[in-house]
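As structure tokens, the structure follows; a few thoughts come after it.
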Amino acid sequence: MGNATAHTLREFAETLVRLGIATEEQAATGLAEAEAIGMDLDEEFEDTDELTFLVGECGLGFQTPEKVSGYLEDGYAELLFDAAACAGGSVVVDDVALVKDEDGEEYLHFRRNGRSIWHPAEHLSDSTRYMDWNAAFDAIGDLVPGNDDPRSFHQLDEDSYDAWWLLLTPEQAKGLEEFGLPMPVELGRWVRDGMPAAEPETPAWYMEDDRLHASEESRRCLDAWLAPMDAALDRWRTAHLPDDFPFDYSLDSLSALERLVLARFDGPAALEAAVGDEFFAGAVRYVGETALRLWPCRWTYQHSDDPYSVSANEPMIRSNAPDGFAGEFSPDYVLRTLVKERTSHDMRERMSCVGEAVDDYHKVLRARAHGG
């Protein structure tokens, strides 16, 4: 990537110091290393990508390699250790492993400050030395310090292969961008440092974990939804269901509910015209409660000030499995899709993702226990 203004290695080092990214000692060390390999510190470079190697010479940041030099698992471990080191000790990574389950599906696992994290990964072959960049980037994003620390990881080079990365505040990132660096990628995910007191892998653990890290408004909304659940479903059953409805939270009862919903709403327009419809609101509750009895899952709620935020501001069902297995659905959306597409049994298929996520998680746990 070319720039209108040429820059030198010395100017880059001065910028790193001015922005508080490097100390004067680190910058001096980096410049000395550059000189030792024959670099002219005052040569002007139109392409600032050619300057970023100085980050490594200063002992800062880390690099995403084009391919690892040995085993893939070792390559991921080295990358994650280097990224975690940028946080200065507040983030500790251990137990890095690539695990392949009985179906050949592969996952990257590591622990961040004691929390087990999983990401699906795909590689060209067992012997390939190329990382899965989606998995690697997701994992890097998991290693931001979080809490009150505003920093996130930024890629300095245009191309991700052999790129240099730094953990930067928004102000530092803006300063490097103004200097002329591409800064094409920023990584930072929601970080969970607190751990529940409940027994791991129990429903109580997942529910406590949600509450521990949810916003106050998210907790309030979830409590308001759950508190009247039994009474609301009793009223719904009495007022809106036929006497022969199999109110037993079974798959057969979902089929019966589909028929009732399709008979009541002949399309999305009819559903929109019945805003606040008590029958539909009860159906949303029943679908979610049925999922809770069929699969290991729970109700969740994420409040957002953005009204267009996906999966926010409505009760959701989420599988009792780590985030990397991604089993989640909205009962409201499932029912609206049924009304729109009018496809029998489509509702239960959309719901089954939460059970499939738990199954996938258990498969990879079995594989790891047997050295997979």
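Chain identifiers are assigned as A, B, and so on, following the order in which chains appear in the structure tokens; residues are numbered from 1 within each chain, and ligands are numbered from 1 in order of appearance.
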
>> Show me, as number ranges by chain, the residues that have an atom within 12 Å of Gly104 in chain A when counting only C-alpha atoms, minus same-chain residues fewer than 5 positions from it.
In response: A: 98-99, 120-123, 125-126, 360, 363-364, 367, 372

> Per DSSP on the backbone, what are the helix (DSSP H, G or I) residues of range 92-249 of chain A, as a PyMOL selection string?
Replying inline: chain A and resi 133-141+170-179+203-213+216-226+229-240

>> Need the shell around Val92 in chain A: protein/DNA/RNA residues with any atom at most 8 Å away, counting only C-alpha atoms. Skip same-chain ones fewer than 5 positions apart. Format as a list of chain:residue names?
In response: A:Phe81, A:Ala84, A:Ala85, A:Arg111, A:Arg112, A:Asn113

Would you save the residues of that selection, restricted to N, CA, C and O atoms, as a PDB file, in the first residue's frame?
```pdb
ATOM      1  N   PHE A  81       0.475 -17.544  22.587  1.00  0.00           N
ATOM      2  CA  PHE A  81       1.352 -17.101  23.682  1.00  0.00           C
ATOM      3  C   PHE A  81       1.895 -15.697  23.403  1.00  0.00           C
ATOM      4  O   PHE A  81       1.948 -14.847  24.298  1.00  0.00           O
ATOM      5  N   ALA A  84      -0.948 -13.114  23.802  1.00  0.00           N
ATOM      6  CA  ALA A  84      -1.288 -12.910  25.212  1.00  0.00           C
ATOM      7  C   ALA A  84      -0.225 -12.086  25.922  1.00  0.00           C
ATOM      8  O   ALA A  84      -0.536 -11.284  26.817  1.00  0.00           O
ATOM      9  N   ALA A  85       1.038 -12.257  25.534  1.00  0.00           N
ATOM     10  CA  ALA A  85       2.124 -11.520  26.180  1.00  0.00           C
ATOM     11  C   ALA A  85       1.991 -10.016  25.996  1.00  0.00           C
ATOM     12  O   ALA A  85       2.501  -9.238  26.814  1.00  0.00           O
ATOM     13  N   ARG A 111      -7.089 -22.267  26.910  1.00  0.00           N
ATOM     14  CA  ARG A 111      -7.683 -21.652  28.091  1.00  0.00           C
ATOM     15  C   ARG A 111      -7.142 -20.229  28.236  1.00  0.00           C
ATOM     16  O   ARG A 111      -5.938 -20.003  28.102  1.00  0.00           O
ATOM     17  N   ARG A 112      -8.047 -19.317  28.497  1.00  0.00           N
ATOM     18  CA  ARG A 112      -7.700 -17.915  28.737  1.00  0.00           C
ATOM     19  C   ARG A 112      -8.033 -17.596  30.189  1.00  0.00           C
ATOM     20  O   ARG A 112      -9.194 -17.596  30.577  1.00  0.00           O
ATOM     21  N   ASN A 113      -7.010 -17.369  30.984  1.00  0.00           N
ATOM     22  CA  ASN A 113      -7.221 -17.109  32.418  1.00  0.00           C
ATOM     23  C   ASN A 113      -8.132 -18.159  33.049  1.00  0.00           C
ATOM     24  O   ASN A 113      -9.022 -17.849  33.835  1.00  0.00           O
TER      25      ASN A 113
END
```

>> DSSP on the backbone, strand (DSSP E or B) only: what residues of range 281-332 of chain A does that give? Format it as a PyMOL selection string.
In response: chain A and resi 297-300+316-319+328-329

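The nearest approach to Glu208 in chain A among the residues A:Asn320, A:Asp230, A:Gly327, A:Asp49, with only C-alpha atoms taken into account, belongs to A:Asn320.
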
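Computed from the coordinates, the CA of Arg129 in chain A to CA of Val96 in chain A distance equals 16.5 Å.
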
> Quick one: residues within 10 Å of Asp209 in chain A, only C-alpha atoms counted, chain neighbours fewer than 5 positions away excluded, as an MDAnalysis selection string?
Replying inline: chainID A and resid 192 194:198 203:204 214

>> For Leu167 in chain A, find every residue with an atom within 10 Å (counting only C-alpha atoms), except residues of its own chain fewer than 4 positions away, and show them as a list in words.
In response: Ile21, Leu60, Gly61, Phe62, Ala83, Ala84, Ala85, Cys86, Ala87, Leu143, Val144, Pro145, Pro150, Arg151, Ser152, Phe153, His154, Gln155, Gln172, Ala173, Glu186, Leu187 and Gly188 of chain A

>> Measuring between only C-alpha atoms, which one of A:Glu50, A:Asp149, A:Asp42, A:Glu24 shows the shortest distance to Glu11 in chain A?
In response: A:Asp42

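Here CA of Gly20 in chain A is placed at a distance of 9.6 Å from CA of Leu168 in chain A.
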
> Which is closer to Met229 in chain A than all the others in A:Lys174, A:Arg115, A:Arg285, A:Arg259, using only C-alpha atoms?
Replying inline: A:Arg285

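When only C-alpha atoms are used to compute distances to Asp101 in chain A, the closest of the residues A:Trp295, A:Asp82, A:His362, A:Asp40 turns out to be A:His362.
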
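In this comparison, which uses only C-alpha atoms, the residue of A:His7, A:Arg336, A:Arg318, A:Lys100 approaching Asp210 in chain A most closely is A:Arg318.
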
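Minimum atom-to-atom distances from A:Arg10, A:His240, A:Arg18, A:Arg235 to Leu54 in chain A were compared using only C-alpha atoms, and the lowest value belongs to A:Arg10.
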